[in-house]
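So this one's structure-v1.txt, compact mmCIF, C-alpha atoms:
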# COMPACT_ATOMS: atom_id res chain seq x y z
CA MET A 1 -12.40 -13.12 -21.06
CA VAL A 2 -13.29 -10.66 -23.87
CA ILE A 3 -13.14 -6.98 -22.96
CA THR A 4 -15.39 -4.81 -25.10
CA ASP A 5 -14.79 -1.33 -23.66
CA LYS A 6 -13.25 1.05 -26.19
CA PRO A 7 -9.92 2.68 -25.24
CA GLN A 8 -10.31 6.27 -24.11
CA SER A 9 -8.00 9.18 -23.35
CA LEU A 10 -7.51 9.16 -19.61
CA TRP A 11 -6.76 12.88 -19.37
CA ARG A 12 -9.80 14.30 -21.14
CA THR A 13 -12.32 13.67 -18.40
CA ARG A 14 -12.60 15.97 -15.39
CA PRO A 15 -13.49 13.21 -12.86
CA TYR A 16 -10.33 11.24 -13.68
CA VAL A 17 -8.12 14.34 -13.49
CA LEU A 18 -9.59 15.24 -10.08
CA PHE A 19 -9.17 11.64 -8.92
CA VAL A 20 -5.50 11.58 -9.93
CA GLY A 21 -4.87 15.05 -8.49
CA ALA A 22 -6.32 14.05 -5.12
CA ASP A 23 -4.20 10.91 -5.12
CA ALA A 24 -1.02 12.85 -5.94
CA ILE A 25 -1.48 15.33 -3.11
CA SER A 26 -2.41 12.77 -0.46
CA GLN A 27 0.39 10.41 -1.49
CA VAL A 28 3.05 13.05 -0.86
CA GLY A 29 1.58 13.71 2.57
CA THR A 30 1.39 10.00 3.32
CA GLN A 31 5.06 9.53 2.48
CA ILE A 32 6.00 12.39 4.79
CA SER A 33 4.08 10.64 7.59
CA LEU A 34 5.80 7.36 6.73
CA VAL A 35 9.02 9.02 7.91
CA ALA A 36 7.67 11.45 10.51
CA LEU A 37 5.47 9.06 12.54
CA PRO A 38 8.23 6.60 13.53
CA LEU A 39 10.56 9.57 14.11
CA VAL A 40 8.02 10.95 16.59
CA ALA A 41 8.13 7.60 18.40
CA VAL A 42 11.93 7.17 18.29
CA LEU A 43 13.25 10.73 18.64
CA THR A 44 10.48 12.54 20.56
CA LEU A 45 9.14 9.72 22.76
CA HIS A 46 12.29 7.50 22.79
CA ALA A 47 10.52 4.29 21.80
CA GLY A 48 12.38 0.97 21.59
CA PRO A 49 12.11 -1.84 18.98
CA PHE A 50 9.03 -3.47 20.52
CA GLN A 51 7.21 -0.14 20.92
CA VAL A 52 7.92 0.75 17.27
CA GLY A 53 6.66 -2.71 16.31
CA MET A 54 3.46 -2.10 18.25
CA LEU A 55 3.02 1.22 16.43
CA THR A 56 3.28 -0.63 13.11
CA ALA A 57 0.78 -3.22 14.35
CA ALA A 58 -1.66 -0.50 15.48
CA GLU A 59 -1.49 1.07 12.02
CA MET A 60 -2.26 -2.17 10.23
CA VAL A 61 -4.47 -4.18 12.59
CA ALA A 62 -7.57 -2.66 10.95
CA PHE A 63 -6.95 -4.83 7.88
CA LEU A 64 -7.34 -7.85 10.16
CA LEU A 65 -10.33 -6.58 12.14
CA ILE A 66 -12.53 -4.97 9.46
CA GLY A 67 -10.84 -5.84 6.17
CA LEU A 68 -13.61 -8.18 5.03
CA PRO A 69 -16.77 -6.27 6.06
CA ALA A 70 -15.25 -3.10 4.59
CA GLY A 71 -15.68 -4.63 1.14
CA VAL A 72 -19.41 -5.15 1.72
CA TRP A 73 -19.88 -1.54 2.80
CA VAL A 74 -17.88 -0.33 -0.21
CA ASP A 75 -20.23 -2.29 -2.48
CA ARG A 76 -23.32 -0.98 -0.64
CA LEU A 77 -22.40 2.72 -0.37
CA PRO A 78 -21.30 5.39 -2.87
CA ARG A 79 -17.56 4.91 -3.17
CA ARG A 80 -16.74 8.58 -3.64
CA ARG A 81 -18.46 9.40 -0.34
CA ILE A 82 -16.33 6.78 1.42
CA LEU A 83 -13.15 8.28 -0.04
CA VAL A 84 -14.04 11.80 1.10
CA THR A 85 -15.05 10.73 4.62
CA ALA A 86 -11.88 8.69 5.11
CA ASP A 87 -9.71 11.64 4.06
CA VAL A 88 -11.47 14.04 6.44
CA VAL A 89 -11.13 11.72 9.45
CA ARG A 90 -7.44 11.06 8.69
CA ALA A 91 -6.79 14.80 8.47
CA VAL A 92 -8.32 15.38 11.92
CA ALA A 93 -6.55 12.40 13.53
CA LEU A 94 -3.09 13.32 12.26
CA GLY A 95 -3.63 16.99 13.09
CA SER A 96 -4.08 16.01 16.74
CA ILE A 97 -0.40 14.96 17.02
CA PRO A 98 1.23 18.37 16.44
CA ALA A 99 -1.50 19.94 18.56
CA ALA A 100 -0.67 17.59 21.46
CA ALA A 101 3.06 18.17 20.97
CA VAL A 102 2.63 21.95 21.19
CA ALA A 103 0.52 21.49 24.33
CA GLY A 104 3.18 19.21 25.85
CA VAL A 105 0.85 16.21 26.29
CA LEU A 106 1.94 13.94 23.43
CA SER A 107 2.37 10.27 24.41
CA LEU A 108 2.84 6.84 22.88
CA PRO A 109 -0.77 5.81 23.65
CA GLN A 110 -1.97 8.76 21.55
CA LEU A 111 0.29 7.64 18.69
CA TYR A 112 -1.23 4.16 18.92
CA VAL A 113 -4.78 5.55 18.82
CA VAL A 114 -4.03 7.83 15.86
CA ALA A 115 -2.35 4.94 14.06
CA LEU A 116 -5.42 2.76 14.68
CA VAL A 117 -7.90 5.43 13.50
CA THR A 118 -5.93 6.26 10.36
CA GLY A 119 -5.55 2.53 9.70
CA VAL A 120 -9.32 2.02 9.80
CA CYS A 121 -9.80 4.91 7.38
CA THR A 122 -7.08 3.56 5.11
CA VAL A 123 -8.84 0.19 4.88
CA PHE A 124 -12.02 1.83 3.61
CA PHE A 125 -10.18 4.32 1.42
CA ASP A 126 -7.96 1.74 -0.30
CA VAL A 127 -10.78 -0.69 -1.06
CA ALA A 128 -13.01 2.12 -2.37
CA HIS A 129 -10.10 3.62 -4.33
CA MET A 130 -9.32 0.36 -6.16
CA SER A 131 -13.00 -0.31 -6.76
CA TYR A 132 -13.79 3.21 -8.01
CA LEU A 133 -11.01 3.39 -10.63
CA PRO A 134 -12.60 0.97 -13.17
CA SER A 135 -15.68 3.18 -13.37
CA LEU A 136 -13.50 6.16 -14.31
CA VAL A 137 -11.16 4.64 -16.91
CA GLY A 138 -12.93 1.60 -18.41
CA ARG A 139 -11.54 -1.91 -18.15
CA ARG A 140 -9.36 -1.80 -21.26
CA ASP A 141 -7.44 1.10 -19.72
CA LEU A 142 -6.90 -0.46 -16.29
CA ALA A 143 -3.20 -1.14 -16.85
CA ARG A 144 -2.61 2.46 -17.88
CA GLY A 145 -4.81 3.80 -15.08
CA ASN A 146 -3.09 1.66 -12.44
CA GLY A 147 0.27 2.55 -13.97
CA THR A 148 -0.52 6.25 -13.52
CA ILE A 149 -1.59 5.73 -9.91
CA GLU A 150 1.54 3.68 -9.22
CA THR A 151 3.70 6.33 -10.91
CA ILE A 152 2.20 8.91 -8.57
CA ARG A 153 2.80 6.62 -5.60
CA SER A 154 6.41 6.02 -6.60
CA THR A 155 7.06 9.71 -7.31
CA ALA A 156 5.65 10.56 -3.89
CA SER A 157 7.87 7.86 -2.38
CA LEU A 158 10.81 9.51 -4.12
CA THR A 159 10.14 13.03 -2.83
CA GLY A 160 8.02 12.61 0.31
CA PRO A 161 10.38 10.75 2.67
CA GLY A 162 13.24 13.16 2.00
CA ALA A 163 10.95 16.10 2.64
CA GLY A 164 9.61 14.39 5.76
CA GLY A 165 13.08 13.74 7.11
CA TRP A 166 14.26 17.33 6.61
CA LEU A 167 10.99 18.72 8.00
CA ALA A 168 11.43 16.55 11.08
CA GLN A 169 14.97 17.83 11.47
CA LEU A 170 14.02 21.49 10.94
CA VAL A 171 10.63 21.82 12.67
CA THR A 172 10.41 18.51 14.66
CA ALA A 173 8.66 15.31 13.61
CA PRO A 174 5.25 16.07 15.20
CA VAL A 175 4.94 19.35 13.29
CA ALA A 176 5.94 17.59 10.04
CA LEU A 177 2.78 15.47 10.38
CA LEU A 178 0.71 18.61 9.91
CA VAL A 179 1.65 18.52 6.20
CA ASP A 180 0.01 15.11 5.83
CA ALA A 181 -3.11 16.30 7.64
CA VAL A 182 -3.42 19.20 5.20
CA SER A 183 -2.85 16.88 2.21
CA TYR A 184 -5.77 14.69 3.27
CA ALA A 185 -8.00 17.75 3.62
CA VAL A 186 -7.10 18.94 0.09
CA SER A 187 -7.64 15.43 -1.28
CA ALA A 188 -11.13 15.37 0.26
CA VAL A 189 -11.99 18.65 -1.48
CA LEU A 190 -10.84 17.39 -4.88
CA LEU A 191 -12.64 14.06 -4.55
CA GLY A 192 -15.78 15.86 -3.46
CA ALA A 193 -15.63 17.94 -6.65
CA ILE A 194 -15.87 14.85 -8.88
CA GLY A 195 -19.64 14.79 -8.53
CA THR A 196 -21.90 11.77 -8.89
CA ALA A 197 -21.88 11.28 -12.67
CA LYS A 198 -19.35 8.48 -12.53
CA GLU A 199 -20.58 6.82 -9.35
CA PRO A 200 -21.10 3.06 -9.76
CA LYS A 201 -24.57 2.10 -8.58
CA PRO A 202 -24.53 0.17 -5.30
CA ASP A 203 -25.89 -3.37 -5.56
CA ALA A 204 -29.37 -3.01 -4.08
CA SER A 205 -31.04 -5.88 -5.95
CA GLU A 206 -31.52 -7.83 -2.75
CA THR A 207 -31.01 -7.39 0.96
CA ARG A 208 -28.71 -9.96 2.49
CA SER A 209 -26.82 -10.33 5.72
CA LEU A 210 -23.35 -8.89 6.12
CA VAL A 211 -21.92 -12.38 6.67
CA ARG A 212 -23.41 -13.74 3.42
CA GLU A 213 -22.06 -10.82 1.41
CA VAL A 214 -18.61 -11.13 2.98
CA ALA A 215 -18.67 -14.86 2.22
CA GLU A 216 -19.49 -14.18 -1.42
CA GLY A 217 -16.33 -12.08 -1.84
CA VAL A 218 -14.18 -14.64 -0.02
CA ARG A 219 -15.59 -17.49 -2.14
CA PHE A 220 -14.77 -15.61 -5.33
CA VAL A 221 -11.13 -15.26 -4.26
CA ALA A 222 -10.80 -18.72 -2.72
CA GLY A 223 -12.38 -20.36 -5.76
CA HIS A 224 -9.99 -18.71 -8.22
CA ARG A 225 -6.73 -20.61 -8.51
CA VAL A 226 -4.64 -17.59 -9.60
CA LEU A 227 -6.06 -15.21 -6.99
CA ARG A 228 -5.23 -17.79 -4.31
CA VAL A 229 -1.55 -17.71 -5.32
CA ILE A 230 -1.50 -13.91 -5.49
CA ALA A 231 -3.10 -13.67 -2.04
CA LEU A 232 -0.48 -16.01 -0.55
CA VAL A 233 2.37 -14.00 -2.08
CA GLY A 234 0.84 -10.79 -0.75
CA ALA A 235 0.34 -12.19 2.76
CA LEU A 236 3.97 -13.31 3.05
CA ASN A 237 5.16 -10.00 1.61
CA MET A 238 3.14 -8.04 4.16
CA LEU A 239 4.37 -10.25 7.00
CA GLY A 240 7.93 -9.42 6.00
CA TYR A 241 7.12 -5.77 5.37
CA GLY A 242 5.58 -5.38 8.83
CA ALA A 243 8.81 -6.66 10.39
CA TRP A 244 10.80 -4.41 8.03
CA VAL A 245 8.92 -1.25 9.06
CA SER A 246 9.40 -2.03 12.75
CA ALA A 247 13.19 -2.28 12.24
CA GLN A 248 13.85 0.30 9.53
CA ALA A 249 13.93 3.54 11.56
CA LEU A 250 16.08 2.12 14.35
CA PHE A 251 18.41 0.43 11.82
CA LEU A 252 19.04 3.62 9.84
CA LEU A 253 19.22 5.97 12.83
CA ASN A 254 21.16 3.76 15.28
CA GLU A 255 23.02 1.14 13.21
CA LEU A 256 23.91 3.33 10.20
CA ARG A 257 23.97 6.51 12.32
CA LEU A 258 22.05 8.68 9.85
CA ALA A 259 20.62 12.09 10.74
CA PRO A 260 16.82 12.42 10.32
CA GLY A 261 17.22 14.40 7.08
CA PHE A 262 19.44 11.76 5.49
CA TYR A 263 17.19 9.03 6.85
CA GLY A 264 14.41 10.38 4.65
CA VAL A 265 16.74 10.75 1.66
CA VAL A 266 17.90 7.13 1.89
CA ILE A 267 14.30 5.88 1.98
CA SER A 268 13.24 8.12 -0.91
CA ALA A 269 16.21 7.00 -3.02
CA GLY A 270 14.79 3.49 -2.87
CA ALA A 271 11.62 4.72 -4.56
CA VAL A 272 13.48 5.20 -7.84
CA GLY A 273 12.88 1.53 -8.58
CA GLY A 274 9.19 1.87 -7.86
CA LEU A 275 8.91 4.78 -10.28
CA LEU A 276 10.72 2.86 -13.01
CA GLY A 277 8.51 -0.15 -12.33
CA ALA A 278 5.35 1.95 -12.62
CA VAL A 279 6.49 3.23 -16.02
CA ALA A 280 7.65 -0.19 -17.23
CA ALA A 281 4.68 -2.28 -16.06
CA PRO A 282 2.11 -1.26 -18.73
CA ARG A 283 4.73 -1.84 -21.45
CA ALA A 284 5.70 -5.21 -20.01
CA LEU A 285 2.06 -6.26 -19.79
CA GLY A 286 1.42 -5.15 -23.36
CA ARG A 287 4.45 -7.02 -24.69
CA TRP A 288 4.60 -10.19 -22.57
CA GLY A 289 1.10 -10.51 -21.13
CA THR A 290 0.03 -10.94 -17.52
CA GLY A 291 1.48 -14.38 -16.82
CA ARG A 292 5.03 -13.83 -18.04
CA THR A 293 5.15 -10.39 -16.39
CA LEU A 294 4.07 -11.84 -13.04
CA TYR A 295 6.56 -14.69 -13.24
CA ALA A 296 9.53 -12.55 -14.35
CA SER A 297 8.95 -9.89 -11.68
CA ALA A 298 8.61 -12.53 -8.94
CA ALA A 299 11.83 -14.24 -10.06
CA ALA A 300 13.67 -10.91 -9.98
CA ALA A 301 12.27 -9.89 -6.58
CA PHE A 302 13.57 -13.04 -4.84
CA PRO A 303 17.31 -12.16 -4.71
CA MET A 304 16.80 -8.39 -4.63
CA ALA A 305 15.10 -8.58 -1.23
CA LEU A 306 18.36 -9.74 0.39
CA ILE A 307 20.55 -6.74 -0.49
CA ALA A 308 19.49 -4.02 2.00
CA PRO A 309 20.49 -5.83 5.25
CA LEU A 310 24.10 -5.90 3.99
CA ALA A 311 24.31 -2.12 4.55
CA ALA A 312 26.74 -0.78 7.17
CA PRO A 313 28.29 2.58 8.09
CA GLY A 314 30.57 3.97 5.38
CA TRP A 315 30.27 3.20 1.68
CA ARG A 316 28.03 0.20 2.37
CA VAL A 317 25.23 2.59 3.33
CA VAL A 318 24.44 2.68 -0.40
CA LEU A 319 23.37 -0.98 -0.27
CA PHE A 320 20.22 -0.05 1.64
CA PRO A 321 18.68 2.27 -1.00
CA LEU A 322 20.05 0.04 -3.76
CA GLY A 323 18.24 -2.98 -2.34
CA MET A 324 15.06 -0.97 -1.88
CA ALA A 325 15.26 0.39 -5.44
CA LEU A 326 15.77 -3.00 -7.08
CA GLY A 327 13.09 -4.59 -4.91
CA GLY A 328 10.76 -1.69 -5.67
CA LEU A 329 11.29 -2.13 -9.42
CA ALA A 330 10.31 -5.80 -9.40
CA GLY A 331 7.64 -5.42 -6.72
CA THR A 332 5.86 -2.55 -8.46
CA ILE A 333 5.68 -4.40 -11.77
CA PHE A 334 4.26 -7.43 -9.96
CA SER A 335 1.76 -5.27 -8.06
CA ILE A 336 0.41 -3.50 -11.15
CA ALA A 337 0.15 -6.76 -13.08
CA GLN A 338 -1.79 -8.59 -10.37
CA LEU A 339 -4.05 -5.63 -9.57
CA SER A 340 -4.96 -5.03 -13.23
CA TYR A 341 -5.62 -8.74 -13.66
CA ARG A 342 -7.95 -9.08 -10.71
CA GLN A 343 -9.83 -5.86 -11.57
CA ALA A 344 -10.37 -7.14 -15.12
CA ILE A 345 -11.66 -10.61 -14.20
CA CYS A 346 -13.99 -9.54 -11.37
CA PRO A 347 -17.66 -8.57 -11.95
CA GLU A 348 -18.42 -4.92 -11.12
CA ARG A 349 -20.87 -5.79 -8.33
CA LEU A 350 -18.15 -7.81 -6.52
CA LEU A 351 -15.22 -5.42 -6.94
CA GLY A 352 -15.42 -4.02 -3.42
CA ARG A 353 -15.72 -7.42 -1.78
CA MET A 354 -13.04 -8.99 -3.99
CA ASN A 355 -10.57 -6.16 -3.28
CA ALA A 356 -11.43 -6.25 0.44
CA SER A 357 -10.94 -10.03 0.54
CA MET A 358 -7.57 -9.72 -1.18
CA ARG A 359 -6.55 -6.87 1.11
CA PHE A 360 -7.66 -8.83 4.16
CA LEU A 361 -5.74 -11.92 3.13
CA MET A 362 -2.64 -9.90 2.32
CA TRP A 363 -2.50 -6.97 4.71
CA SER A 364 -3.83 -8.65 7.84
CA ALA A 365 -0.42 -10.34 8.08
CA MET A 366 1.33 -6.99 8.50
CA PRO A 367 0.46 -6.29 12.17
CA PHE A 368 1.78 -9.75 13.06
CA GLY A 369 4.94 -8.88 11.16
CA GLY A 370 5.25 -5.64 13.11
CA VAL A 371 4.99 -7.42 16.46
CA LEU A 372 7.33 -10.23 15.37
CA GLY A 373 9.83 -7.70 14.04
CA GLY A 374 9.76 -5.88 17.35
CA LEU A 375 10.30 -9.12 19.28
CA VAL A 376 13.17 -10.23 17.01
CA GLY A 377 14.65 -6.75 17.35
CA GLU A 378 14.62 -7.00 21.13
CA TRP A 379 16.13 -10.51 20.95
CA GLN A 380 18.61 -10.32 18.06
CA GLY A 381 18.93 -6.58 17.49
CA VAL A 382 17.49 -4.50 14.66
CA ARG A 383 19.88 -5.95 12.06
CA GLY A 384 18.63 -9.44 12.92
CA ALA A 385 15.04 -8.20 12.56
CA LEU A 386 15.87 -6.68 9.16
CA TRP A 387 17.41 -9.96 7.96
CA ALA A 388 14.34 -11.89 9.10
CA ALA A 389 12.09 -9.41 7.29
CA SER A 390 14.13 -9.55 4.07
CA ALA A 391 14.21 -13.36 4.05
CA THR A 392 10.43 -13.45 4.45
CA VAL A 393 9.93 -11.05 1.53
CA ALA A 394 12.26 -13.11 -0.65
CA LEU A 395 10.50 -16.38 0.15
CA ALA A 396 7.10 -14.73 -0.44
CA HIS A 397 7.62 -15.04 -4.20
CA VAL A 398 8.20 -18.79 -4.17
CA PRO A 399 4.47 -19.65 -4.68
CA VAL A 400 4.55 -17.89 -8.06
CA LEU A 401 7.82 -19.54 -9.05
CA VAL A 402 6.56 -23.05 -8.25
CA SER A 403 3.28 -22.32 -10.09
CA ARG A 404 5.05 -21.42 -13.31
CA GLY A 405 2.84 -23.53 -15.58
CA ARG A 406 -0.36 -22.05 -14.16
CA ILE A 407 0.90 -18.44 -14.07
CA ILE A 408 2.64 -18.31 -17.43
CA ARG A 409 -0.58 -19.16 -19.31
CA LEU A 410 -2.45 -16.04 -18.09
Once you've parsed the file, please lay out its structure as structure tokens.
Amino acid sequence: MVITDKPQSLWRTRPYVLFVGADAISQVGTQISLVALPLVAVLTLHAGPFQVGMLTAAEMVAFLLIGLPAGVWVDRLPRRRILVTADVVRAVALGSIPAAAVAGVLSLPQLYVVALVTGVCTVFFDVAHMSYLPSLVGRRDLARGNGTIETIRSTASLTGPGAGGWLAQLVTAPVALLVDAVSYAVSAVLLGAIGTAKEPKPDASETRSLVREVAEGVRFVAGHRVLRVIALVGALNMLGYGAWVSAQALFLLNELRLAPGFYGVVISAGAVGGLLGAVAAPRALGRWGTGRTLYASAAAAFPMALIAPLAAPGWRVVLFPLGMALGGLAGTIFSIAQLSYRQAICPERLLGRMNASMRFLMWSAMPFGGVLGGLVGEWQGVRGALWAASATVALAHVPVLVSRGRIIRL
């Protein structure tokens, strides 16, 4: 494929700066919630492994239920409007948790409902976010643009969980969620200020049924031999990650006996690898190309996924953030490479449906992972659940490794 867009400075246009600023603010809030929400369940409401697994499933089941039609709506509607609406609804939903806690009526069912609502919004937001970026940076700058977004995500992962853990310890976990609610509100304001100049035009050339448009996106992914492999890797990764999330809080708090503040610090320390990966990915892609970068990062991720479950009280606590950091380094490089590749090879009119199809195929496995992780945790303990999750993540990269000839030629 020949790309004809001329390179441009990413920081000289107001829409891109606003887009990145909104992402930076909301990502920090999201990372605080990543720590605070399970702490609300475990410390405030005394949830067990299966209940935490169900919370994870409630957060991610939207990818299974509406992941595919979301892509059609993203292609039909102005993407900026979708981003703003999703942020506003998430701000209101998360704000209800500290309000209920202050009123003394907070319960696990409310956590499940909030998780479900924010999950639905996240489906729309993520698909629109990925599909909107190419219109702001141009296709020749996708690696740099995605690298910047991933750098923000990794930096937020480095600072947010620690802040979330200490906030939960100082002002309680429900109140810590208020920070995330505010971050979504600020993000909505910044995205709303972008204006309509850079809006991609919705595809209105013909009116077709929702099913036919969904099918078109699925056929594009299913008919592409590389996207099929990437989707399989992502699905297995998300299955393992769902089990991981359901076990992580209980493992660190009960098995490793960490205080909430240090719980957040341990998680944020693992984001160092993600930050390094975000910086290294554009350079790796420029030097080695897409295929070799995908293969090398998958090969590195395989053994790195098995380090964290070796952690134990004492000096071995360090193995948990070390495993997360090394896995984050390889995983982030792989993620940026595959995302830039699929954005570059997909026609503009199909971007929403392609990204939604990929997200559906990948992320719809996560709620199953959350439930399975909770069941394994009840049966074999949280360490057993963490080992099962880590083994699944490691094996997820095998499809790339056995497709070396196909991948390396990209």
**Prompt:** Which of these residues is nearest to A:Tyr263, using only C-alpha atoms: A:Asn237, A:Gln248, A:Thr332, A:Thr290?
**Reply:**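 Counting only C-alpha atoms, the residue closest to A:Tyr263 is A:Gln248.
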**Message:** List as a VMD selection string the residues having at least one atom at most 10 Å from position (-0.5, 16.7, 5.0) as given in the file, counting all atoms listed in the file.
**Reply:** chain A and resid 25 to 33 90 to 91 94 to 95 176 to 187
**Message:** Residues near stretch 374-387 of chain A, anyone? I mean within 9 Å using all atoms listed in the file, not counting same-chain ones fewer than 4 positions away, as number ranges by chain.
**Reply:** A: 48-54, 240, 243-248, 250-251, 255, 306, 308-310, 369-370, 391-392
**Message:** At a cut-off of 7 Å, using all atoms listed in the file, what residues contact A:Ala394? Leave out same-chain residues fewer than 4 positions from it and give the result as a list in words.
**Reply:** Ala301, Phe302, Pro303, Ala305 and Ser390 of chain A
**Asked** Can you list, as a PyMOL selection string, every protein, DNA or RNA residue that comes within 12 Å of A:Ala36 when you count only C-alpha atoms, leaving out same-chain residues fewer than 2 positions away?
**Response** chain A and resi 29-34+38-44+94+97-98+111+160-180+249+260-261+263-264
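Atom CA of A:Ala325 is positioned 12.3 Å from atom CA of A:Ala300.
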Check which residues of stretch 290-394 of chain A sit at most 8 Å from stretch 207-217 of chain A using all atoms listed in the file, and return one row each with the closest pair of atoms and their distance in Å to one decimal, ordered by chain and rising number, as a tab-separated table.
residue	atom	partner	partner_atom	distance
A:Leu350	CA	A:Gly217	CA	6.6
A:Arg353	CA	A:Gly217	CA	4.7
A:Met354	CA	A:Gly217	CA	5.0
A:Ala356	CA	A:Gly217	CA	7.9
A:Ser357	CA	A:Gly217	CA	6.2
**Request:** Find, counting only C-alpha atoms, the residue in A:Val266, A:Leu45, A:Val398, A:Leu239 that gets nearest to A:Gly104.
**Result:**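 Under the stated criterion, the closest residue is A:Leu45.
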**Message:** Between atom CA of A:Ile66 and atom CA of A:Val137, what distance in Å does the model show, to one decimal?
**Reply:**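 Result for atom CA of A:Ile66 versus atom CA of A:Val137: 28.1 Å, one decimal.
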**Prompt:** Using all atoms listed in the file, which residues sit within 9 Å of A:Leu322 once same-chain residues fewer than 2 positions away are excluded, as a ChimeraX atom specification?
**Reply:** /A:269-270,273,307-308,318-320,324-327
Would you save the residues from that selection as a PDB file, keeping the file's coordinate frame, using C-alpha atoms?
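Done, and the output landed in selection-v4.pdb:
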ATOM      1  CA  ALA A 269      16.210   7.000  -3.020  1.00  0.00           C
ATOM      2  CA  GLY A 270      14.790   3.490  -2.870  1.00  0.00           C
ATOM      3  CA  GLY A 273      12.880   1.530  -8.580  1.00  0.00           C
ATOM      4  CA  ILE A 307      20.550  -6.740  -0.490  1.00  0.00           C
ATOM      5  CA  ALA A 308      19.490  -4.020   2.000  1.00  0.00           C
ATOM      6  CA  VAL A 318      24.440   2.680  -0.400  1.00  0.00           C
ATOM      7  CA  LEU A 319      23.370  -0.980  -0.270  1.00  0.00           C
ATOM      8  CA  PHE A 320      20.220  -0.050   1.640  1.00  0.00           C
ATOM      9  CA  MET A 324      15.060  -0.970  -1.880  1.00  0.00           C
ATOM     10  CA  ALA A 325      15.260   0.390  -5.440  1.00  0.00           C
ATOM     11  CA  LEU A 326      15.770  -3.000  -7.080  1.00  0.00           C
ATOM     12  CA  GLY A 327      13.090  -4.590  -4.910  1.00  0.00           C
TER      13      GLY A 327
END
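Among the candidates A:Val72, A:Val265, A:Leu232, A:Ile149, the one nearest to A:Leu351 when counting only C-alpha atoms is A:Val72.
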**Request:** Go through A:Ala143, A:Val113, A:Leu258, A:Ala330 and flag the residue nearest A:Gly289, using only C-alpha atoms for the distances.
**Result:** A:Ala143
